[in-house]
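Data file: work22.cif. Format and content: mmCIF, C-alpha atoms.
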```
data_work
#
loop_
_atom_site.label_atom_id
_atom_site.label_comp_id
_atom_site.auth_asym_id
_atom_site.auth_seq_id
_atom_site.Cartn_x
_atom_site.Cartn_y
_atom_site.Cartn_z
CA MET A 1 0.00 0.00 0.00
CA VAL A 2 1.07 3.55 -0.64
CA ALA A 3 0.44 4.57 2.93
CA THR A 4 2.54 1.81 4.39
CA ALA A 5 5.58 2.85 2.39
CA ALA A 6 4.92 6.50 3.04
CA ALA A 7 4.99 5.86 6.75
CA ALA A 8 8.66 4.96 6.57
CA VAL A 9 9.78 7.35 3.88
CA VAL A 10 7.64 10.44 3.87
CA SER A 11 6.97 11.24 7.45
CA LEU A 12 7.31 10.48 11.11
CA ALA A 13 4.12 12.44 11.58
CA GLY A 14 2.02 9.31 11.77
CA CYS A 15 3.12 9.02 15.34
CA GLY A 16 4.21 12.56 16.09
CA GLU A 17 7.87 13.04 16.85
CA ALA A 18 10.16 10.03 16.90
CA GLY A 19 10.71 8.53 20.28
CA SER A 20 9.80 5.63 22.50
CA SER A 21 6.81 3.55 21.52
CA GLY A 22 4.80 3.58 24.72
CA THR A 23 1.33 2.09 24.48
CA GLU A 24 -0.47 3.54 27.48
CA ALA A 25 -3.41 5.66 26.39
CA PRO A 26 -3.89 9.17 27.76
CA PRO A 27 -6.05 9.19 30.89
CA SER A 28 -9.67 8.84 29.79
CA ALA A 29 -12.31 11.14 31.18
CA ALA A 30 -14.95 9.76 28.84
CA ALA A 31 -18.26 9.54 30.62
CA GLY A 32 -20.50 9.06 27.61
CA ALA A 33 -21.70 5.90 25.92
CA GLY A 34 -19.50 6.50 22.86
CA CYS A 35 -20.09 5.12 19.38
CA ALA A 36 -19.60 1.43 18.67
CA PRO A 37 -17.81 0.52 15.40
CA ALA A 38 -19.91 0.09 12.26
CA ALA A 39 -18.61 -2.14 9.48
CA GLY A 40 -18.61 -0.99 5.87
CA GLU A 41 -16.59 -1.12 2.66
CA THR A 42 -16.33 2.61 2.02
CA LEU A 43 -14.26 4.97 4.17
CA VAL A 44 -14.41 8.69 4.75
CA VAL A 45 -11.89 11.01 6.39
CA LEU A 46 -13.22 13.24 9.14
CA GLU A 47 -12.28 16.87 8.53
CA ASP A 48 -9.45 18.13 10.74
CA ASP A 49 -11.39 21.33 11.45
CA LYS A 50 -9.10 22.53 14.25
CA LYS A 51 -5.92 21.78 12.26
CA LEU A 52 -4.24 19.19 14.44
CA GLN A 53 -2.06 17.94 11.60
CA ASN A 54 0.73 19.76 9.84
CA THR A 55 0.63 20.83 6.21
CA ASP A 56 2.19 18.05 4.15
CA ASN A 57 1.22 19.49 0.80
CA VAL A 58 2.92 18.00 -2.24
CA LEU A 59 5.45 20.26 -3.96
CA PRO A 60 8.57 19.97 -6.16
CA ALA A 61 12.02 20.50 -4.63
CA LEU A 62 14.81 21.49 -7.02
CA ASN A 63 18.55 21.94 -7.02
CA LYS A 64 18.91 25.72 -7.35
CA LYS A 65 21.51 25.48 -10.11
CA SER A 66 19.26 23.19 -12.13
CA SER A 67 16.20 25.41 -11.82
CA SER A 68 14.94 27.94 -14.31
CA PRO A 69 11.82 30.11 -14.40
CA GLU A 70 10.39 27.94 -17.19
CA LEU A 71 11.00 24.70 -15.29
CA ILE A 72 9.53 25.99 -12.05
CA ALA A 73 6.49 27.34 -13.90
CA ALA A 74 5.96 23.95 -15.57
CA LEU A 75 6.22 22.07 -12.27
CA ASP A 76 3.91 24.59 -10.62
CA LYS A 77 1.35 23.84 -13.33
CA ALA A 78 1.52 20.17 -12.36
CA SER A 79 0.98 21.14 -8.73
CA ALA A 80 -1.98 23.34 -9.63
CA ALA A 81 -3.66 20.37 -11.32
CA LEU A 82 -3.57 18.27 -8.14
CA ASP A 83 -5.70 18.06 -5.05
CA THR A 84 -5.99 15.29 -2.48
CA ALA A 85 -8.91 13.56 -4.22
CA LYS A 86 -6.98 13.46 -7.49
CA LEU A 87 -3.87 12.18 -5.71
CA ILE A 88 -5.97 9.40 -4.17
CA ASP A 89 -7.20 8.47 -7.65
CA LEU A 90 -3.63 8.46 -9.00
CA ASN A 91 -2.57 6.16 -6.18
CA LYS A 92 -5.55 3.90 -6.84
CA ALA A 93 -4.64 3.71 -10.53
CA VAL A 94 -1.22 2.33 -9.58
CA SER A 95 -1.85 0.29 -6.42
CA VAL A 96 -5.32 -1.07 -7.20
CA ASP A 97 -5.76 -0.86 -10.98
CA ARG A 98 -2.14 -1.96 -11.52
CA LYS A 99 -1.16 0.72 -14.01
CA SER A 100 2.44 1.87 -14.10
CA SER A 101 3.26 5.20 -12.50
CA LYS A 102 4.20 6.51 -15.94
CA GLN A 103 0.89 5.43 -17.48
CA ALA A 104 -1.16 6.83 -14.62
CA ALA A 105 0.68 10.16 -14.74
CA GLN A 106 0.36 10.45 -18.53
CA GLU A 107 -3.36 9.68 -18.47
CA PHE A 108 -3.89 12.26 -15.73
CA ALA A 109 -1.84 14.86 -17.62
CA THR A 110 -3.87 14.27 -20.78
CA ALA A 111 -7.21 14.42 -18.97
CA SER A 112 -6.28 17.65 -17.17
CA ASN A 113 -4.70 19.27 -20.26
CA LEU A 114 -1.57 19.75 -18.18
CA THR A 115 0.88 20.75 -20.90
CA ALA A 116 -1.29 23.45 -22.48
CA GLY A 117 0.38 26.84 -22.17
CA ILE A 118 3.68 25.58 -20.76
CA THR A 119 6.52 27.77 -22.06
CA LYS A 120 9.65 26.14 -23.43
CA GLY A 121 12.95 27.34 -22.05
CA ALA A 122 16.58 26.46 -22.83
CA GLY A 123 15.89 22.87 -21.86
CA GLY A 124 18.65 20.31 -21.33
CA GLU A 125 18.89 17.00 -19.51
CA LEU A 126 16.95 16.67 -16.29
CA THR A 127 16.94 13.86 -13.72
CA ILE A 128 13.90 13.59 -11.49
CA GLY A 129 14.49 11.46 -8.41
CA THR A 130 11.89 9.52 -6.48
CA ALA A 131 11.55 7.88 -3.10
CA ASP A 132 10.88 4.15 -3.06
CA PHE A 133 7.08 4.13 -2.86
CA PRO A 134 4.49 4.39 -5.65
CA GLU A 135 3.09 7.84 -4.88
CA SER A 136 6.52 9.43 -5.19
CA ALA A 137 7.16 7.62 -8.46
CA THR A 138 3.84 8.76 -9.92
CA LEU A 139 4.42 12.37 -8.90
CA ALA A 140 7.90 12.22 -10.43
CA GLU A 141 6.42 10.97 -13.70
CA LEU A 142 3.87 13.78 -13.62
CA TYR A 143 6.65 16.31 -13.12
CA GLY A 144 8.39 14.62 -16.03
CA VAL A 145 5.45 15.28 -18.34
CA ALA A 146 5.46 18.97 -17.38
CA ALA A 147 9.25 19.29 -17.68
CA THR A 148 9.25 17.62 -21.09
CA ALA A 149 6.71 20.17 -22.29
CA ALA A 150 9.10 22.87 -21.04
CA GLY A 151 11.79 21.53 -23.37
CA TYR A 152 13.74 19.18 -21.09
CA THR A 153 14.95 15.67 -21.80
CA VAL A 154 13.78 13.85 -18.69
CA LYS A 155 14.98 10.76 -16.86
CA VAL A 156 13.11 9.49 -13.78
CA GLN A 157 15.32 7.62 -11.32
CA LYS A 158 14.35 5.85 -8.08
CA ILE A 159 16.78 6.82 -5.32
CA GLY A 160 15.34 5.62 -1.99
CA ASN A 161 14.51 7.37 1.25
CA ARG A 162 14.93 11.05 2.04
CA GLU A 163 18.28 10.45 3.71
CA LEU A 164 19.53 9.32 0.30
CA TYR A 165 17.74 11.55 -2.17
CA GLU A 166 18.08 14.88 -0.36
CA PRO A 167 21.92 14.85 -0.40
CA ALA A 168 21.77 13.76 -4.06
CA LEU A 169 19.56 16.75 -4.77
CA GLU A 170 21.96 19.12 -3.01
CA LYS A 171 24.90 17.72 -5.00
CA GLY A 172 23.05 18.00 -8.30
CA ASP A 173 23.12 14.24 -8.92
CA ILE A 174 19.38 14.65 -9.33
CA ASP A 175 17.65 17.89 -10.26
CA VAL A 176 14.09 17.58 -8.98
CA VAL A 177 12.23 15.42 -6.44
CA PRO A 178 8.61 15.35 -5.20
CA GLU A 179 8.40 16.49 -1.60
CA TYR A 180 5.97 17.22 1.23
CA ALA A 181 6.11 20.70 2.72
CA ALA A 182 5.92 20.14 6.49
CA THR A 183 7.99 16.97 6.59
CA PHE A 184 10.67 18.44 4.33
CA ALA A 185 10.88 21.56 6.50
CA THR A 186 11.30 19.39 9.60
CA PHE A 187 13.95 17.25 7.91
CA LEU A 188 16.03 20.22 6.73
CA ALA A 189 15.80 21.96 10.10
CA GLY A 190 17.14 18.83 11.79
CA LYS A 191 19.94 18.61 9.26
CA VAL A 192 20.93 22.28 9.43
CA ASP A 193 20.34 23.04 13.11
CA GLY A 194 21.16 19.65 14.60
CA LYS A 195 19.97 18.04 17.80
CA GLY A 196 17.38 20.00 19.72
CA PHE A 197 16.23 21.93 16.66
CA LYS A 198 12.91 23.77 16.71
CA ASP A 199 10.41 22.18 14.34
CA PRO A 200 9.58 24.78 11.65
CA SER A 201 6.49 22.98 10.33
CA SER A 202 3.04 24.30 11.10
CA PRO A 203 -0.65 23.56 10.59
CA ASP A 204 -0.64 26.87 8.68
CA LEU A 205 0.66 26.33 5.14
CA ALA A 206 1.97 29.88 4.69
CA THR A 207 4.03 29.57 7.87
CA THR A 208 5.37 26.17 6.82
CA MET A 209 6.35 27.50 3.39
CA THR A 210 8.09 30.59 4.81
CA ASN A 211 10.11 28.44 7.19
CA LEU A 212 10.82 25.80 4.55
CA LYS A 213 12.26 28.40 2.16
CA THR A 214 14.55 29.66 4.92
CA TYR A 215 16.12 26.20 5.06
CA THR A 216 16.16 25.45 1.34
CA ASP A 217 18.08 28.71 0.82
CA LYS A 218 20.73 27.46 3.25
CA VAL A 219 21.36 24.20 1.39
CA GLY A 220 21.17 25.38 -2.22
CA LEU A 221 17.65 24.18 -3.00
CA VAL A 222 14.43 25.84 -4.12
CA VAL A 223 10.82 24.67 -3.95
CA GLY A 224 7.86 25.28 -6.21
CA GLU A 225 4.36 26.26 -5.18
CA PRO A 226 2.58 23.74 -2.95
CA SER A 227 -0.33 21.86 -4.45
CA GLN A 228 -3.65 21.37 -2.72
CA ALA A 229 -2.84 17.65 -2.56
CA GLN A 230 -1.79 16.42 0.86
CA ASP A 231 -0.37 13.14 2.12
CA GLN A 232 -0.59 13.44 5.87
CA ASN A 233 -2.21 11.92 8.93
CA ALA A 234 -5.98 11.62 8.86
CA PHE A 235 -8.64 9.84 10.86
CA ALA A 236 -11.07 7.70 8.90
CA VAL A 237 -14.34 5.97 9.67
CA THR A 238 -16.73 3.95 7.55
CA THR A 239 -19.42 5.96 5.79
CA ALA A 240 -21.90 3.80 7.71
CA PHE A 241 -20.37 4.97 11.02
CA ALA A 242 -20.33 8.62 9.88
CA ASP A 243 -23.94 8.50 8.69
CA LYS A 244 -25.19 6.67 11.76
CA ASN A 245 -23.62 9.19 14.14
CA GLY A 246 -23.90 12.36 12.03
CA LEU A 247 -20.15 12.95 11.74
CA LYS A 248 -18.28 15.17 9.31
CA THR A 249 -15.46 16.61 11.43
CA LEU A 250 -13.18 15.57 14.26
CA SER A 251 -15.05 18.07 16.41
CA ASP A 252 -18.21 16.06 15.67
CA LEU A 253 -16.40 12.88 16.68
CA ALA A 254 -15.33 14.39 20.00
CA ALA A 255 -18.74 15.86 20.76
CA LYS A 256 -20.83 12.85 19.79
CA CYS A 257 -18.60 9.80 20.22
CA SER A 258 -16.38 10.33 23.25
CA GLY A 259 -17.16 7.39 25.50
CA ALA A 260 -16.77 3.76 26.38
CA ALA A 261 -17.96 2.14 23.14
CA THR A 262 -15.61 4.09 20.86
CA VAL A 263 -12.50 2.21 19.73
CA LEU A 264 -9.55 4.10 18.23
CA GLY A 265 -7.07 2.15 16.08
CA GLY A 266 -3.53 3.05 15.11
CA PRO A 267 0.15 2.29 15.65
CA ALA A 268 1.36 1.18 19.06
CA GLU A 269 2.87 4.58 19.80
CA CYS A 270 -0.33 6.49 18.87
CA PRO A 271 -1.65 6.99 22.44
CA GLN A 272 1.32 9.15 23.44
CA ARG A 273 1.91 10.98 20.18
CA PRO A 274 0.89 14.62 19.58
CA LYS A 275 -0.43 13.92 16.08
CA CYS A 276 -2.36 10.81 17.08
CA GLN A 277 -4.43 9.99 20.19
CA GLN A 278 -2.77 12.53 22.47
CA GLY A 279 -3.44 15.19 19.85
CA LEU A 280 -7.09 14.19 19.64
CA VAL A 281 -7.32 14.62 23.41
CA ASP A 282 -5.46 17.92 23.56
CA THR A 283 -6.93 19.58 20.46
CA TYR A 284 -10.43 18.17 20.34
CA GLY A 285 -11.14 16.81 23.79
CA PHE A 286 -11.87 13.41 22.23
CA GLN A 287 -11.86 10.49 24.64
CA ALA A 288 -11.84 6.98 23.21
CA GLY A 289 -13.09 4.17 25.39
CA LYS A 290 -10.44 1.79 24.10
CA PHE A 291 -7.31 1.84 21.94
CA SER A 292 -6.45 -0.98 19.52
CA SER A 293 -2.76 -1.33 18.60
CA LEU A 294 -2.51 -1.96 14.83
CA ASP A 295 -0.17 -0.35 12.27
CA THR A 296 0.66 3.08 10.84
CA GLY A 297 -2.07 3.70 8.30
CA GLY A 298 -1.58 0.24 6.83
CA PRO A 299 -3.70 -2.80 6.01
CA LEU A 300 -4.32 -3.78 9.63
CA THR A 301 -5.89 -0.43 10.41
CA LEU A 302 -7.84 -0.21 7.16
CA THR A 303 -9.21 -3.73 7.61
CA ALA A 304 -10.14 -3.08 11.24
CA ILE A 305 -12.15 0.00 10.27
CA LYS A 306 -13.95 -1.81 7.44
CA GLN A 307 -14.67 -4.92 9.50
CA GLY A 308 -16.02 -2.88 12.40
CA THR A 309 -13.48 -3.80 15.05
CA VAL A 310 -12.46 -0.15 15.51
CA SER A 311 -14.64 2.95 15.29
CA VAL A 312 -11.99 5.29 13.90
CA GLY A 313 -8.44 4.73 12.70
CA LEU A 314 -5.30 6.64 11.73
CA VAL A 315 -4.76 6.56 7.95
CA PHE A 316 -2.90 8.62 5.36
CA SER A 317 -4.99 11.20 3.55
CA SER A 318 -3.96 10.06 0.05
CA ASP A 319 -4.44 6.32 0.62
CA PRO A 320 -6.09 4.62 -2.39
CA ALA A 321 -8.50 2.93 0.03
CA LEU A 322 -10.15 6.35 0.31
CA ALA A 323 -11.04 6.48 -3.38
CA SER A 324 -14.70 7.25 -3.99
CA SER A 325 -15.10 4.45 -6.52
#
```
In structure tokens, what does this structure look like?
Amino acid sequence: MVATAAAAVVSLAGCGEAGSSGTEAPPSAAAGAGCAPAAGETLVVLEDDKKLQNTDNVLPALNKKSSSPELIAALDKASAALDTAKLIDLNKAVSVDRKSSKQAAQEFATASNLTAGITKGAGGELTIGTADFPESATLAELYGVAATAAGYTVKVQKIGNRELYEPALEKGDIDVVPEYAATFATFLAGKVDGKGFKDPSSPDLATTMTNLKTYTDKVGLVVGEPSQAQDQNAFAVTTAFADKNGLKTLSDLAAKCSGAATVLGGPAECPQRPKCQQGLVDTYGFQAGKFSSLDTGGPLTLTAIKQGTVSVGLVFSSDPALASS
């Protein structure tokens, strides 16, 4: 699954900051009955209306020496064509429909008329790197379509995790890579400022982007405009559970479903993490009756939600399991 790979490569946000994996839930003050799980095949993400999660919007990162106004404009056009629903569909095309990342990206580019109006520049050879999970590969192929229209001869190359591809980007061994705003800002701050660094990411996208650009400037990189597409933590329920309990937002979940019957599912470290159960308590006042230790947005959690063994579970917002059809 895309989300399973993304957990290791894209972000530590699934559990909050890295650290020990304690499993004790926050103290529960839930006095209500709660909302028992409801099985169903379709899932829906509850809106993070109080902005618990950070802004992991998809965007291109470039080696500054490799960039040009025409290239950045072309990549920004690819970003403008994306939102989270479209990213989910792209991931579904690869992980469920078994299309190649290149085919999925090309079909999306054609359907969205992506290359129309892209200005050709001086061009040249361009290497677009990817992390080792399908979403990154598909985004890289989409960037490749846009860059080709801008006059570049493009090669897409799988590199591996961020610890490998970011230094390659700084050195100019690769020229472009798909990135995620908040996580990339956190990574660069740790690299530049070292142990004890202050996390520059924020639930506010403008703040995240301002801080991210401070760090990219320091390491010889630039970033394009962020897309509306996000791959970040989210909490999902079945549509049957949402309809039964009248839920659209996490505030609804806290107000209507705090209580003994509600089961939260996620990774073992979720109860103590500020972007998982602890965050739901602190930000929303949500009190689960029980926590079920599963995985980080992977098949165990998705299956548990669908089968009705948990009421709500931690997923990734671009998971193909969230596709509407």
One-decimal distance in Å that lies between atom CA of Phe316 of chain A and atom CA of Thr296 of chain A: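 Atom-to-atom, atom CA of Thr296 of chain A to atom CA of Phe316 of chain A, that is 8.6 Å.
Between Leu62 of chain A and the residues A:Leu75, A:Val310, A:Ala109, A:Leu250, the shortest atom-to-atom distance, using all atoms listed in the file, involves A:Leu75.
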Which residue out of A:Lys50, A:Lys290, A:Lys275, A:Lys213 has the minimum interatomic distance to Ala261 of chain A when only C-alpha atoms are used?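 The closest residue to Ala261 of chain A is A:Lys290.
Close to (-11.0, 12.1, 22.1), meaning no more than 8 Å away when counting all atoms listed in the file, sit the residues Leu253, Ala254, Ser258, Gln277, Leu280, Val281, Tyr284, Gly285, Phe286, Gln287 and Ala288 of chain A.
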Enumerate, as a PyMOL selection string, the residues matched when the PyMOL selection byres ((chain A and resi 47) around 12) is run on the file above. chain A and resi 44-46+48-53+233-237+242+247-253+317
Expand the PyMOL selection byres ((chain A and resi 144) around 10) into the explicit residue set it covers here, and present it as a list in words. Ala74, Leu75, Ala78, Lys102, Ala105, Gln106, Leu126, Thr127, Ile128, Thr138, Leu139, Ala140, Glu141, Leu142, Tyr143, Val145, Ala146, Ala147, Thr148, Ala149, Ala150, Tyr152, Thr153, Val154, Lys155, Val156 and Val176 of chain A
Neighbouring residues of Leu87 of chain A were defined as those with any atom within 10 Å, considering only C-alpha atoms; residues of the same chain fewer than 2 positions away were excluded. Please report them as a list in words.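 After dropping sequence-adjacent residues, the list is Val58, Ala81, Leu82, Asp83, Thr84, Ala85, Asp89, Leu90, Asn91, Lys92, Ala93, Glu135, Thr138, Leu139, Gln228, Ala229, Gln230, Asp231, Ser317, Ser318, Asp319, Pro320 and Ala323 of chain A.
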C-alpha atoms of the current selection, written as a PDB file, in the frame of the given file:
```pdb
ATOM      1  CA  VAL A  58       2.920  18.000  -2.240  1.00  0.00           C
ATOM      2  CA  ALA A  81      -3.660  20.370 -11.320  1.00  0.00           C
ATOM      3  CA  LEU A  82      -3.570  18.270  -8.140  1.00  0.00           C
ATOM      4  CA  ASP A  83      -5.700  18.060  -5.050  1.00  0.00           C
ATOM      5  CA  THR A  84      -5.990  15.290  -2.480  1.00  0.00           C
ATOM      6  CA  ALA A  85      -8.910  13.560  -4.220  1.00  0.00           C
ATOM      7  CA  ASP A  89      -7.200   8.470  -7.650  1.00  0.00           C
ATOM      8  CA  LEU A  90      -3.630   8.460  -9.000  1.00  0.00           C
ATOM      9  CA  ASN A  91      -2.570   6.160  -6.180  1.00  0.00           C
ATOM     10  CA  LYS A  92      -5.550   3.900  -6.840  1.00  0.00           C
ATOM     11  CA  ALA A  93      -4.640   3.710 -10.530  1.00  0.00           C
ATOM     12  CA  GLU A 135       3.090   7.840  -4.880  1.00  0.00           C
ATOM     13  CA  THR A 138       3.840   8.760  -9.920  1.00  0.00           C
ATOM     14  CA  LEU A 139       4.420  12.370  -8.900  1.00  0.00           C
ATOM     15  CA  GLN A 228      -3.650  21.370  -2.720  1.00  0.00           C
ATOM     16  CA  ALA A 229      -2.840  17.650  -2.560  1.00  0.00           C
ATOM     17  CA  GLN A 230      -1.790  16.420   0.860  1.00  0.00           C
ATOM     18  CA  ASP A 231      -0.370  13.140   2.120  1.00  0.00           C
ATOM     19  CA  SER A 317      -4.990  11.200   3.550  1.00  0.00           C
ATOM     20  CA  SER A 318      -3.960  10.060   0.050  1.00  0.00           C
ATOM     21  CA  ASP A 319      -4.440   6.320   0.620  1.00  0.00           C
ATOM     22  CA  PRO A 320      -6.090   4.620  -2.390  1.00  0.00           C
ATOM     23  CA  ALA A 323     -11.040   6.480  -3.380  1.00  0.00           C
TER      24      ALA A 323
END
```
Option closest in space to Ile174 of chain A, from A:Ala61, A:Ala206, A:Ala260, A:Ala33 [counting only C-alpha atoms]: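 The shortest atom-to-atom distance to Ile174 of chain A comes from A:Ala61.
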Can you complete the atoms of segment 184-193 of chain A to all heavy atoms and list them as a PDB file, keeping the file's coordinate frame?
```pdb
ATOM      1  N   PHE A 184       9.400  17.997   4.889  1.00  0.00           N
ATOM      2  CA  PHE A 184      10.670  18.440   4.330  1.00  0.00           C
ATOM      3  C   PHE A 184      11.260  19.573   5.170  1.00  0.00           C
ATOM      4  O   PHE A 184      12.471  19.613   5.417  1.00  0.00           O
ATOM      5  CB  PHE A 184      10.472  18.887   2.885  1.00  0.00           C
ATOM      6  CG  PHE A 184      11.747  19.002   2.085  1.00  0.00           C
ATOM      7  CD1 PHE A 184      12.784  18.093   2.252  1.00  0.00           C
ATOM      8  CD2 PHE A 184      11.909  20.003   1.149  1.00  0.00           C
ATOM      9  CE1 PHE A 184      13.959  18.187   1.502  1.00  0.00           C
ATOM     10  CE2 PHE A 184      13.066  20.114   0.392  1.00  0.00           C
ATOM     11  CZ  PHE A 184      14.094  19.213   0.577  1.00  0.00           C
ATOM     12  N   ALA A 185      10.406  20.481   5.633  1.00  0.00           N
ATOM     13  CA  ALA A 185      10.880  21.560   6.500  1.00  0.00           C
ATOM     14  C   ALA A 185      11.480  20.999   7.785  1.00  0.00           C
ATOM     15  O   ALA A 185      12.556  21.427   8.230  1.00  0.00           O
ATOM     16  CB  ALA A 185       9.727  22.512   6.826  1.00  0.00           C
ATOM     17  N   THR A 186      10.798  20.013   8.381  1.00  0.00           N
ATOM     18  CA  THR A 186      11.300  19.390   9.600  1.00  0.00           C
ATOM     19  C   THR A 186      12.639  18.698   9.358  1.00  0.00           C
ATOM     20  O   THR A 186      13.579  18.810  10.152  1.00  0.00           O
ATOM     21  CB  THR A 186      10.275  18.389  10.146  1.00  0.00           C
ATOM     22  OG1 THR A 186       9.043  19.071  10.415  1.00  0.00           O
ATOM     23  CG2 THR A 186      10.765  17.722  11.417  1.00  0.00           C
ATOM     24  N   PHE A 187      12.722  17.964   8.240  1.00  0.00           N
ATOM     25  CA  PHE A 187      13.950  17.250   7.910  1.00  0.00           C
ATOM     26  C   PHE A 187      15.126  18.214   7.750  1.00  0.00           C
ATOM     27  O   PHE A 187      16.212  17.989   8.310  1.00  0.00           O
ATOM     28  CB  PHE A 187      13.755  16.445   6.625  1.00  0.00           C
ATOM     29  CG  PHE A 187      14.986  15.733   6.147  1.00  0.00           C
ATOM     30  CD1 PHE A 187      15.293  14.464   6.616  1.00  0.00           C
ATOM     31  CD2 PHE A 187      15.847  16.325   5.233  1.00  0.00           C
ATOM     32  CE1 PHE A 187      16.435  13.803   6.181  1.00  0.00           C
ATOM     33  CE2 PHE A 187      16.992  15.678   4.797  1.00  0.00           C
ATOM     34  CZ  PHE A 187      17.287  14.409   5.266  1.00  0.00           C
ATOM     35  N   LEU A 188      14.926  19.278   6.983  1.00  0.00           N
ATOM     36  CA  LEU A 188      16.030  20.220   6.730  1.00  0.00           C
ATOM     37  C   LEU A 188      16.432  20.960   8.003  1.00  0.00           C
ATOM     38  O   LEU A 188      17.619  21.221   8.219  1.00  0.00           O
ATOM     39  CB  LEU A 188      15.634  21.213   5.637  1.00  0.00           C
ATOM     40  CG  LEU A 188      15.511  20.648   4.223  1.00  0.00           C
ATOM     41  CD1 LEU A 188      15.076  21.741   3.249  1.00  0.00           C
ATOM     42  CD2 LEU A 188      16.828  20.018   3.752  1.00  0.00           C
ATOM     43  N   ALA A 189      15.460  21.287   8.844  1.00  0.00           N
ATOM     44  CA  ALA A 189      15.800  21.960  10.100  1.00  0.00           C
ATOM     45  C   ALA A 189      16.668  21.054  10.974  1.00  0.00           C
ATOM     46  O   ALA A 189      17.645  21.505  11.591  1.00  0.00           O
ATOM     47  CB  ALA A 189      14.534  22.354  10.850  1.00  0.00           C
ATOM     48  N   GLY A 190      16.323  19.768  11.020  1.00  0.00           N
ATOM     49  CA  GLY A 190      17.140  18.830  11.790  1.00  0.00           C
ATOM     50  C   GLY A 190      18.539  18.701  11.226  1.00  0.00           C
ATOM     51  O   GLY A 190      19.528  18.596  11.971  1.00  0.00           O
ATOM     52  N   LYS A 191      18.630  18.735   9.903  1.00  0.00           N
ATOM     53  CA  LYS A 191      19.940  18.610   9.260  1.00  0.00           C
ATOM     54  C   LYS A 191      20.797  19.861   9.479  1.00  0.00           C
ATOM     55  O   LYS A 191      21.989  19.770   9.775  1.00  0.00           O
ATOM     56  CB  LYS A 191      19.754  18.368   7.759  1.00  0.00           C
ATOM     57  CG  LYS A 191      21.051  18.208   6.986  1.00  0.00           C
ATOM     58  CD  LYS A 191      20.791  17.819   5.532  1.00  0.00           C
ATOM     59  CE  LYS A 191      22.109  17.607   4.797  1.00  0.00           C
ATOM     60  NZ  LYS A 191      21.914  17.110   3.423  1.00  0.00           N
ATOM     61  N   VAL A 192      20.192  21.020   9.341  1.00  0.00           N
ATOM     62  CA  VAL A 192      20.930  22.280   9.430  1.00  0.00           C
ATOM     63  C   VAL A 192      21.214  22.673  10.883  1.00  0.00           C
ATOM     64  O   VAL A 192      22.332  23.066  11.234  1.00  0.00           O
ATOM     65  CB  VAL A 192      20.165  23.410   8.710  1.00  0.00           C
ATOM     66  CG1 VAL A 192      20.827  24.763   8.963  1.00  0.00           C
ATOM     67  CG2 VAL A 192      20.076  23.134   7.206  1.00  0.00           C
ATOM     68  N   ASP A 193      20.213  22.548  11.740  1.00  0.00           N
ATOM     69  CA  ASP A 193      20.340  23.040  13.110  1.00  0.00           C
ATOM     70  C   ASP A 193      20.789  21.987  14.112  1.00  0.00           C
ATOM     71  O   ASP A 193      21.231  22.318  15.208  1.00  0.00           O
ATOM     72  CB  ASP A 193      18.994  23.628  13.583  1.00  0.00           C
ATOM     73  CG  ASP A 193      18.596  24.864  12.790  1.00  0.00           C
ATOM     74  OD1 ASP A 193      19.479  25.479  12.160  1.00  0.00           O
ATOM     75  OD2 ASP A 193      17.400  25.209  12.799  1.00  0.00           O
TER      76      ASP A 193
END
```
